[in-house]
Amino acid sequence: MIGYLEGTALARLQDSLLLRTAGGVGYQVHVPLPLLAEITLNAPLTLYCVTVVRDTELALYGFAKPEGKRLFELLVKASGVGPKLALAFLSAFAPAELRTAIMQQDVALLSTIPGVGRKTAARLCVELADRIGREAHLGTAPGEATGDGAPDSMGDLLSALTNLGYPEKDVVPILRQLAGDDLTFADKLKQALRLLSRRSPPPARDAT
């Protein structure tokens with residue numbers, strides 16, 4: 001199976017691009033629409049890929065970062081979510097936004113994707129929220145770190161703050177306030193702690 005490609009972007013297609021490798025082979029790779037829009041033709045491009053094999057289809061799906069690939073792999077394992085719908089999710093939301101929406105079980109937001117009803121969105125949350133949350137907490141999802149090794153997602157912040165003892169119902173509104181700020185993970189965490197401390201301190205943990 002093809003998991004990574006490196007080459008030159010030759011052409012944009014409807015929901016895919018044509019990538020020529022150094023060996024002269026051209027691969028058609030389906031990619032999220034924001035990535036398709038931002039690529040520079042005839043320029044170097046690397047993609048983290050998932051190979052989808054079906055009875056009537058052999059297709060490649062590519063992503064700029066490993067976290068996009070990992071989320072795609074998780075999405076297609078959910079009931080009622082095929083590759084095209086998974087790609088639609090990753091076209092509409094950045095990986096960090098999508099992880100947070102699933103972990104918070106934001107059915108209203110997820111069901112704004114064409115072809116996704118509230119039942120499908122709710123089932124997606126039920127099947128994936130815990131798994132995505134565990135991966136964010138353990139740092140096992142590839143691509144969830146910035147260049148300096150610091151985690152950089154609202155899902156990681158949610159996990160960190162709830163692990164400190166703050167109730168999720170108090171944390172989520174704070175994270176929504178910080179979502180648009182251009183801050184590092186560490187700065188967002190400090191800011192969230194300051195805002196939460198104005199409400200109430202975290203509950204005391206039982207002594208071990």
# chains A, B, ... in the order shown; residues from 1 in each chain; ligands from 1
$ select_by_dssp --residues "segment 28-104 of chain A" --states "strand (DSSP E)" --output "ChimeraX atom specification"
/A:28-30,44-54,57-63
$ residues_around --residues "Asp15 of chain A" --least-positions-apart "5" --cutoff "10 Å" --atoms "only C-alpha atoms" --output "list in words"
Gln28, Val29, His30, Val31, Pro32, Leu33, Leu36, Ala37, Lys84 and Leu87 of chain A
$ residues_around --residues "segment 126-131 of chain A" --least-positions-apart "5" --cutoff "8 Å" --atoms "only C-alpha atoms" --output "list in words"
Leu74, Leu75, Ala78, Ile102, Met103, Gln104 and Gln105 of chain A
$ write_last_selection --atoms "C-alpha atoms" --output "mmCIF file, in the first residue's frame"
data_model
loop_
_atom_site.group_PDB
_atom_site.id
_atom_site.type_symbol
_atom_site.label_atom_id
_atom_site.label_comp_id
_atom_site.auth_asym_id
_atom_site.auth_seq_id
_atom_site.Cartn_x
_atom_site.Cartn_y
_atom_site.Cartn_z
ATOM 1 C CA LEU A 74 -10.376 6.903 11.762
ATOM 2 C CA LEU A 75 -13.304 8.450 9.913
ATOM 3 C CA ALA A 78 -16.998 4.799 11.481
ATOM 4 C CA ILE A 102 -16.029 15.126 17.602
ATOM 5 C CA MET A 103 -14.684 15.116 21.165
ATOM 6 C CA GLN A 104 -17.237 17.753 22.184
ATOM 7 C CA GLN A 105 -19.924 15.813 20.301
#
$ residues_around --residues "Ile113 of chain A" --least-positions-apart "4" --cutoff "9 Å" --atoms "only C-alpha atoms" --output "PyMOL selection string"
chain A and resi 85+88-89+92+109+117
$ write_last_selection --atoms "C-alpha atoms" --output "PDB file, in the first residue's frame"
ATOM      1  CA  LEU A  85     -17.526  11.626   3.059  1.00  0.00           C
ATOM      2  CA  ALA A  88     -15.625  16.109   2.800  1.00  0.00           C
ATOM      3  CA  PHE A  89     -15.141  16.407   6.568  1.00  0.00           C
ATOM      4  CA  ALA A  92     -14.628  21.579   5.655  1.00  0.00           C
ATOM      5  CA  LEU A 109     -21.635  21.580  13.564  1.00  0.00           C
ATOM      6  CA  GLY A 117     -27.598  14.051   8.993  1.00  0.00           C
TER       7      GLY A 117
END
$ residues_around --residues "Ala22 of chain A" --least-positions-apart "5" --cutoff "10 Å" --atoms "only C-alpha atoms" --output "VMD selection string"
chain A and resid 5 to 8
$ closest_residue --among "A:Val50, A:Ile132, A:Ala122, A:Leu35" --to "Phe93 of chain A" --atoms "only C-alpha atoms"
A:Leu35
$ atom_distance --atom1 "atom CA of Pro34 of chain A" --atom2 "atom CA of Ala108 of chain A"
22.2 Å
$ closest_residue --among "A:Lys119, A:Arg12, A:Arg99, A:Lys77" --to "Leu158 of chain A" --atoms "only C-alpha atoms"
A:Arg99
$ residues_around --residues "Val53 of chain A" --least-positions-apart "4" --cutoff "12 Å" --atoms "only C-alpha atoms" --output "list in words"
Met1, Ile2, Glu57, Leu58, Ala59, Leu60, Tyr61, Gly82 and Pro83 of chain A
$ atom_distance --atom1 "atom CA of Gly26 of chain A" --atom2 "atom CA of Val81 of chain A"
28.1 Å
$ select_by_dssp --residues "segment 25-139 of chain A" --states "helix (DSSP H, G or I)" --output "PyMOL selection string"
chain A and resi 33-38+66-75+83-92+95-103+107-110+118-138
$ atom_distance --atom1 "atom CA of Pro44 of chain A" --atom2 "atom CA of Leu98 of chain A"
27.6 Å
$ closest_residue --among "A:Pro114, A:Val25, A:Ala121, A:Gly3" --to "Arg70 of chain A" --atoms "only C-alpha atoms"
A:Gly3
$ closest_residue --among "A:Val171, A:Ala101, A:Cys125, A:Leu183" --to "Leu157 of chain A" --atoms "only C-alpha atoms"
A:Val171
$ decode --residues "segment 39-163 of chain A" --atoms "C-alpha atoms" --output "mmCIF file, in the first residue's frame"
data_model
loop_
_atom_site.group_PDB
_atom_site.id
_atom_site.type_symbol
_atom_site.label_atom_id
_atom_site.label_comp_id
_atom_site.auth_asym_id
_atom_site.auth_seq_id
_atom_site.Cartn_x
_atom_site.Cartn_y
_atom_site.Cartn_z
ATOM 1 C CA ILE A 39 -0.836 23.868 -4.183
ATOM 2 C CA THR A 40 1.598 25.432 -6.646
ATOM 3 C CA LEU A 41 1.740 23.627 -9.956
ATOM 4 C CA ASN A 42 5.144 22.384 -11.136
ATOM 5 C CA ALA A 43 6.441 22.723 -7.573
ATOM 6 C CA PRO A 44 7.617 20.007 -5.157
ATOM 7 C CA LEU A 45 4.890 18.399 -3.079
ATOM 8 C CA THR A 46 4.804 15.682 -0.436
ATOM 9 C CA LEU A 47 1.652 13.826 0.594
ATOM 10 C CA TYR A 48 0.827 11.380 3.384
ATOM 11 C CA CYS A 49 -1.443 8.882 1.666
ATOM 12 C CA VAL A 50 -4.095 6.276 2.357
ATOM 13 C CA THR A 51 -4.706 3.600 -0.276
ATOM 14 C CA VAL A 52 -8.369 2.594 -0.533
ATOM 15 C CA VAL A 53 -9.020 -0.743 -2.206
ATOM 16 C CA ARG A 54 -12.576 -1.786 -3.051
ATOM 17 C CA ASP A 55 -14.162 -4.220 -5.465
ATOM 18 C CA THR A 56 -14.566 -1.525 -8.101
ATOM 19 C CA GLU A 57 -12.052 1.063 -6.959
ATOM 20 C CA LEU A 58 -8.380 1.580 -6.237
ATOM 21 C CA ALA A 59 -7.869 5.152 -5.053
ATOM 22 C CA LEU A 60 -5.323 7.275 -3.236
ATOM 23 C CA TYR A 61 -6.217 9.946 -0.685
ATOM 24 C CA GLY A 62 -3.485 12.395 0.295
ATOM 25 C CA PHE A 63 -2.898 14.899 3.071
ATOM 26 C CA ALA A 64 -0.310 17.565 3.770
ATOM 27 C CA LYS A 65 0.365 16.324 7.317
ATOM 28 C CA PRO A 66 0.217 12.972 9.131
ATOM 29 C CA GLU A 67 -2.632 14.151 11.365
ATOM 30 C CA GLY A 68 -4.894 14.540 8.333
ATOM 31 C CA LYS A 69 -4.073 11.018 7.223
ATOM 32 C CA ARG A 70 -4.730 9.635 10.711
ATOM 33 C CA LEU A 71 -8.112 11.348 10.982
ATOM 34 C CA PHE A 72 -9.118 10.062 7.558
ATOM 35 C CA GLU A 73 -8.224 6.514 8.654
ATOM 36 C CA LEU A 74 -10.376 6.903 11.762
ATOM 37 C CA LEU A 75 -13.304 8.450 9.913
ATOM 38 C CA VAL A 76 -13.612 5.685 7.332
ATOM 39 C CA LYS A 77 -13.845 3.134 10.161
ATOM 40 C CA ALA A 78 -16.998 4.799 11.481
ATOM 41 C CA SER A 79 -20.380 3.426 10.445
ATOM 42 C CA GLY A 80 -21.797 5.099 7.354
ATOM 43 C CA VAL A 81 -18.639 7.087 6.544
ATOM 44 C CA GLY A 82 -16.896 6.224 3.295
ATOM 45 C CA PRO A 83 -13.765 7.778 1.790
ATOM 46 C CA LYS A 84 -15.620 10.551 -0.043
ATOM 47 C CA LEU A 85 -17.526 11.626 3.059
ATOM 48 C CA ALA A 86 -14.363 11.456 5.169
ATOM 49 C CA LEU A 87 -12.662 13.713 2.624
ATOM 50 C CA ALA A 88 -15.625 16.109 2.800
ATOM 51 C CA PHE A 89 -15.141 16.407 6.568
ATOM 52 C CA LEU A 90 -11.451 17.158 6.099
ATOM 53 C CA SER A 91 -12.242 19.676 3.377
ATOM 54 C CA ALA A 92 -14.628 21.579 5.655
ATOM 55 C CA PHE A 93 -12.613 21.462 8.875
ATOM 56 C CA ALA A 94 -8.951 21.650 9.805
ATOM 57 C CA PRO A 95 -7.858 18.464 11.642
ATOM 58 C CA ALA A 96 -7.711 20.214 15.028
ATOM 59 C CA GLU A 97 -11.208 21.673 14.531
ATOM 60 C CA LEU A 98 -12.620 18.302 13.505
ATOM 61 C CA ARG A 99 -11.048 16.488 16.450
ATOM 62 C CA THR A 100 -12.461 19.060 18.848
ATOM 63 C CA ALA A 101 -15.936 18.917 17.288
ATOM 64 C CA ILE A 102 -16.029 15.126 17.602
ATOM 65 C CA MET A 103 -14.684 15.116 21.165
ATOM 66 C CA GLN A 104 -17.237 17.753 22.184
ATOM 67 C CA GLN A 105 -19.924 15.813 20.301
ATOM 68 C CA ASP A 106 -20.930 18.941 18.418
ATOM 69 C CA VAL A 107 -23.598 17.253 16.304
ATOM 70 C CA ALA A 108 -24.994 20.549 15.014
ATOM 71 C CA LEU A 109 -21.635 21.580 13.564
ATOM 72 C CA LEU A 110 -20.794 18.182 12.089
ATOM 73 C CA SER A 111 -24.185 17.861 10.428
ATOM 74 C CA THR A 112 -23.550 21.017 8.385
ATOM 75 C CA ILE A 113 -21.582 18.828 5.953
ATOM 76 C CA PRO A 114 -23.725 18.003 2.887
ATOM 77 C CA GLY A 115 -24.969 14.433 3.126
ATOM 78 C CA VAL A 116 -24.446 14.216 6.900
ATOM 79 C CA GLY A 117 -27.598 14.051 8.993
ATOM 80 C CA ARG A 118 -27.792 14.439 12.731
ATOM 81 C CA LYS A 119 -27.972 10.671 13.207
ATOM 82 C CA THR A 120 -24.774 10.102 11.226
ATOM 83 C CA ALA A 121 -23.019 12.933 13.084
ATOM 84 C CA ALA A 122 -24.141 11.589 16.459
ATOM 85 C CA ARG A 123 -23.015 8.060 15.584
ATOM 86 C CA LEU A 124 -19.652 9.420 14.451
ATOM 87 C CA CYS A 125 -19.170 11.139 17.808
ATOM 88 C CA VAL A 126 -20.152 8.056 19.767
ATOM 89 C CA GLU A 127 -17.779 5.818 17.830
ATOM 90 C CA LEU A 128 -14.752 8.120 17.689
ATOM 91 C CA ALA A 129 -14.844 10.635 20.568
ATOM 92 C CA ASP A 130 -13.174 8.386 23.138
ATOM 93 C CA ARG A 131 -10.557 7.119 20.720
ATOM 94 C CA ILE A 132 -9.590 10.590 19.510
ATOM 95 C CA GLY A 133 -9.507 11.814 23.093
ATOM 96 C CA ARG A 134 -7.173 9.008 24.163
ATOM 97 C CA GLU A 135 -4.835 9.645 21.263
ATOM 98 C CA ALA A 136 -4.730 13.374 22.005
ATOM 99 C CA HIS A 137 -4.010 12.697 25.685
ATOM 100 C CA LEU A 138 -1.292 10.148 24.981
ATOM 101 C CA GLY A 139 0.191 12.132 22.097
ATOM 102 C CA THR A 140 -0.004 9.084 19.814
ATOM 103 C CA ALA A 141 -1.781 10.688 16.862
ATOM 104 C CA PRO A 142 0.947 11.555 14.365
ATOM 105 C CA GLY A 143 1.386 15.170 13.367
ATOM 106 C CA GLU A 144 -0.106 16.646 16.524
ATOM 107 C CA ALA A 145 3.033 18.533 17.408
ATOM 108 C CA THR A 146 4.468 21.775 16.163
ATOM 109 C CA GLY A 147 8.046 22.110 14.997
ATOM 110 C CA ASP A 148 9.259 22.625 18.562
ATOM 111 C CA GLY A 149 7.544 19.458 19.757
ATOM 112 C CA ALA A 150 4.678 21.207 21.554
ATOM 113 C CA PRO A 151 1.129 19.924 21.007
ATOM 114 C CA ASP A 152 -1.056 22.315 19.069
ATOM 115 C CA SER A 153 -4.758 21.452 19.157
ATOM 116 C CA MET A 154 -7.820 22.463 21.101
ATOM 117 C CA GLY A 155 -8.390 18.782 21.762
ATOM 118 C CA ASP A 156 -5.068 18.614 23.607
ATOM 119 C CA LEU A 157 -6.019 21.669 25.649
ATOM 120 C CA LEU A 158 -9.365 20.134 26.545
ATOM 121 C CA SER A 159 -7.664 16.951 27.668
ATOM 122 C CA ALA A 160 -4.998 18.781 29.670
ATOM 123 C CA LEU A 161 -7.474 21.007 31.510
ATOM 124 C CA THR A 162 -9.981 18.279 32.330
ATOM 125 C CA ASN A 163 -7.119 16.127 33.611
#
